[in-house]
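Q: My questions will all concern the structure given below.
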Amino acid sequence: MSITLETPAWASLAPPPPRSWAAVFALARVEARELRMTVSSLAIAVLYVAWIVWQVTERQGDYPILQNVDRGTQAMPMLVGLAVMLGVNRAVLRSRRRGTDRHFDVLVVEPWRRTAAHVLSVVPAVLFTAVCVTAEFTWAALKPGAAGHGSPAELAVGPLTVLLCGAVGVLLARLVPFVTAAPLFLVVLLFGQVFVVAPSDSDWTTWLIPVVTETGGSPFPSDLLGRPAAWHALYLVGLALCVAVLAVLVGGGRTTAVKAAVAGALALTLVGAVGQSGGTPAATTAARERISTTPEKVRSCTEHGRSSYCAFPEWTGRAADWAAVVDRVQDLAGGGAGGARLTVEQRIDARYGPSAATSLFPSTEPGHVTVGTDWGGNRVPEFAVGAASVLVAGDEKVGSQVCGARVVTIMWLALGGESDPMAAFRAVRLDDNVSGSSLILSPTEPFLMSAEQTRIVAELFQRPRYSVAGKVKARWTQLTSPGTSTARAAELLGVPASAKSAAAETDDDSCKERRS
């Protein structure tokens with residue numbers, strides 16, 4: 001008797017194919033679409049685009065400094081990153097919320113591969129941010145008045161911040177699988193930002209956060225910023241990869257390749273962290289000292305008309321704009337001031353870093369006018385005030401101590417040629433008013449303008465320009481004399497006296513006593 005054994009049907013089946021990454025990429029595409037179609041993502045995208053339009057058209061003006069523009073692209077991506085973090089966190093926890101975790105056990109995509117897919121779903125948001133950052137910087141760079149040079153490493157911070165936030169959202173979902181974890185983490189971040197004392201700019205721990213802003217001071221030449229931008233970008237790349245691969249590891253991907261990726265990303269993070277902690281290089285510190293104390297060794301000078309204009313290398317294209325203001329001021333001057341040769345010198349005090357708000361001491365060199373590294377907006381009438389004070393008083397030091405008729409004359413020269421002199425008048429006053437006494441701003445030290453002088457100048461701006469210009473030129477010697485009072489200036493220019501004229505005389509006398 002013989003027994004025939006039949007081969008079971010399952011034994012003839014081919015072995016299952018190896019796990020493919022095609023399913024991971026397919027899932028990543030689906031999750032990316034779901035992520036960008038949420039209301040919060042769409043709202044953030046619209047807000048981001050609107051913010052870029054406002055930033056480039058209104059805030060930056062016609063004279064952007066590109067080494068400031070590249071850093072200015074880093075703030076808004078933080079908001080995009082936070083929205084991505086919350087969205088991807090909810091996406092990872094979707095199956096837990098809906099009780100469908102057990103159904104994934106029959107799929108070919110293992111849990112750790114699903115985690116990798118969620119990390120990859122952040123990539124379109126990163127690319128969107130990169131496109132927005134590039135568009136914002138390019139828009140500013142194409143403006144005719146743009147100056148300076150941007151840094152690719154600074155521009156990379158925004159997209160890398162979004163990538164890091166997305167990876168953090170996935171990791172949080174794997175470590176703490178509750179929907180409230182990510183919002184609570186966000187609250188902790190905001191609490192720390194508001195209430196925790198921030199380290200000083202010189203502290204190496206400052207660079208451990210994704211975005212490091214240094215604002216408040218005058219624009220610096222790009223080679224004097226001293227920011228470890230390349231090291232910081234490398235640090236963010238390593239940190240984002242480290243968090244992303246850790247999420248895959250926590251999700252069950254304990255393969256040799258994943259563990260090696262964690263070690264490599266951690267090493268990359270440490271290299272970037274060490275590289276960015278070196279502080280300001282000694283060569284940069286020496287260059288800042290040189291440009292602050294002996295700027296003539298750095299500047300190059302060009303001739304425009306009857307005057308000379310000396311600028312730092314990245315600002316040489318601004319000389320024509322400065323010359324237009326100087327010519328407009330001199331066209332209203334009388335006597336020898338109308339044809340005087342001026343030397344416009346660009347100056348900056350860079351010794352205390354890019355975030356320090358410093359002031360420049362007025363020059364004592366006759367005929368020398370200071371201009372800063374910022375231009376456009378209020379800086380234009382302020383520069384006109386500085387040029388007019390040199391034409392009237394001889395140098396900036398004396399021009400910062402003027403009294404009486406000289407104040408009235410300086411303000412007329414500086415702003416009388418403006419298309420809207422009252423708006424420019426408001427812009428150069430510290431209190432933004434066109435009545436009462438106030439400090440008048442200039443590129444160096446401000447000077448005081450009394451209420452009566454304000455009234456007289458405002459009256460002059462209401463009159464036809466040609467009529468006032470003729471009187472100023474005809475009575476130039478008296479109007480620029482240190483002994484001419486405010487009341488006498490009003491009389492010479494045909495402005496009716498007010499009840500405050502006697503008080504103005506007293507103010508003139510006390511001002512002369514302070515100068516003496």
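Just so we're on the same page: first chain in the structure tokens is A, next is B, and so on; residues restart at 1 for each chain, and ligands are numbered from 1 in the order they show up.
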Hey, what's within 6 Å of range 422-436 of chain A if we count only C-alpha atoms and toss same-chain stuff fewer than 6 positions away? As a list of chain:residue names, please?

A: A:Asn378, A:Glu382, A:Ala451

Q: Would you save the residues from that selection as a JSON list (two decimals), in the first residue's frame, using C-alpha atoms?

A:
[["chain", "number", "residue", "atom", "x", "y", "z"],
["A", 378, "ASN", "CA", 13.54, 109.29, 7.05],
["A", 382, "GLU", "CA", 18.01, 113.63, 8.03],
["A", 451, "ALA", "CA", 8.47, 126.29, 19.35]]

Q: Taking the DSSP assignment computed from this structure's backbone, write out as a ChimeraX atom specification all residues of range 132-265 of chain A that belong to helix (DSSP H, G or I).

A: /A:132-141,152-175,181-195,204-208,222-224,229-250,256-265

Q: Please compute the CA of Arg351 in chain A-CA of Ser300 in chain A distance, one decimal, in Å.

A: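 According to the coordinates, CA of Arg351 in chain A and CA of Ser300 in chain A are separated by 20.8 Å.
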
Q: Taking a cut-off of 8 Å and counting only C-alpha atoms, can you build a table that, for each residue of range 322-418 of chain A near range 484-491 of chain A, reports the nearest atom pair and how far apart they are in Å (one decimal), sorted by chain then residue number, as CSV?

A:
residue,atom,partner,partner_atom,distance
A:Cys403,CA,A:Ser485,CA,7.8
A:Gly404,CA,A:Thr486,CA,4.4
A:Ala405,CA,A:Thr486,CA,4.7
A:Arg406,CA,A:Thr484,CA,7.8
A:Val408,CA,A:Ala489,CA,7.5

Q: Those residues with C-alpha atoms, as a JSON list (two decimals), in the first residue's frame please?

A:
[["chain", "number", "residue", "atom", "x", "y", "z"],
["A", 403, "CYS", "CA", 20.69, 128.74, 17.67],
["A", 404, "GLY", "CA", 18.48, 131.56, 16.48],
["A", 405, "ALA", "CA", 18.21, 132.35, 12.79],
["A", 406, "ARG", "CA", 20.62, 129.56, 11.85],
["A", 408, "VAL", "CA", 15.45, 128.43, 10.66]]

Q: Please indicate the distance in Å from CA of Val245 in chain A to CA of Ala22 in chain A, rounded to one decimal place.

A: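 Between these atoms lies a distance of 18.8 Å.
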
Q: Compare A:Ala240, A:Val88, A:Val398, A:Ala311 by their minimum atom-to-atom distance to Thr364 in chain A, counting only C-alpha atoms, and give me the closest one.

A: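 Residue with the minimum atom-to-atom distance to Thr364 in chain A: A:Val398.
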
Q: Within 7 Å of Asp70 in chain A, counting only C-alpha atoms, which residues show up once you throw out same-chain ones fewer than 5 positions away? Write them as JSON, numbers by chain, please.

A: {"A": [137, 150, 151, 154, 155]}

Q: Generate the output file for the selected residues, N, CA, C and O atoms, as a JSON list (two decimals), in the first residue's frame.

A:
[["chain", "number", "residue", "atom", "x", "y", "z"],
["A", 137, "PHE", "N", 13.99, 87.38, -1.58],
["A", 137, "PHE", "CA", 15.35, 87.91, -1.72],
["A", 137, "PHE", "C", 15.59, 88.42, -3.14],
["A", 137, "PHE", "O", 16.19, 89.50, -3.33],
["A", 150, "GLY", "N", 23.95, 89.01, -0.21],
["A", 150, "GLY", "CA", 23.26, 88.04, 0.62],
["A", 150, "GLY", "C", 24.10, 86.79, 0.83],
["A", 150, "GLY", "O", 25.11, 86.57, 0.18],
["A", 151, "SER", "N", 23.66, 85.96, 1.76],
["A", 151, "SER", "CA", 24.36, 84.72, 2.09],
["A", 151, "SER", "C", 23.44, 83.53, 1.84],
["A", 151, "SER", "O", 22.34, 83.47, 2.40],
["A", 154, "GLU", "N", 22.40, 81.94, 5.11],
["A", 154, "GLU", "CA", 21.33, 82.65, 5.83],
["A", 154, "GLU", "C", 19.97, 82.36, 5.19],
["A", 154, "GLU", "O", 18.97, 82.21, 5.88],
["A", 155, "LEU", "N", 19.92, 82.29, 3.87],
["A", 155, "LEU", "CA", 18.67, 82.02, 3.17],
["A", 155, "LEU", "C", 18.17, 80.60, 3.43],
["A", 155, "LEU", "O", 16.97, 80.33, 3.34]]

Q: Could you tell me which of A:Gly279, A:Pro124, A:Val402, A:Leu413 comes closest to Asp331 in chain A if we count only C-alpha atoms?

A: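 Of A:Gly279, A:Pro124, A:Val402, A:Leu413, the one nearest Asp331 in chain A is A:Leu413, counting only C-alpha atoms.
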
Q: Between CA of Leu79 in chain A and CA of Val212 in chain A, what is the distance in Å, rounded to a tenth?

A: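 Separating CA of Leu79 in chain A from CA of Val212 in chain A is a distance of 14.9 Å.
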
Q: Pick out the closest residue to Asp223 in chain A from this set: A:Tyr352, A:Phe461, A:Phe312, A:Phe128. Count only C-alpha atoms.

A: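 When distances to Asp223 in chain A are compared using only C-alpha atoms, the smallest one comes from A:Phe312.
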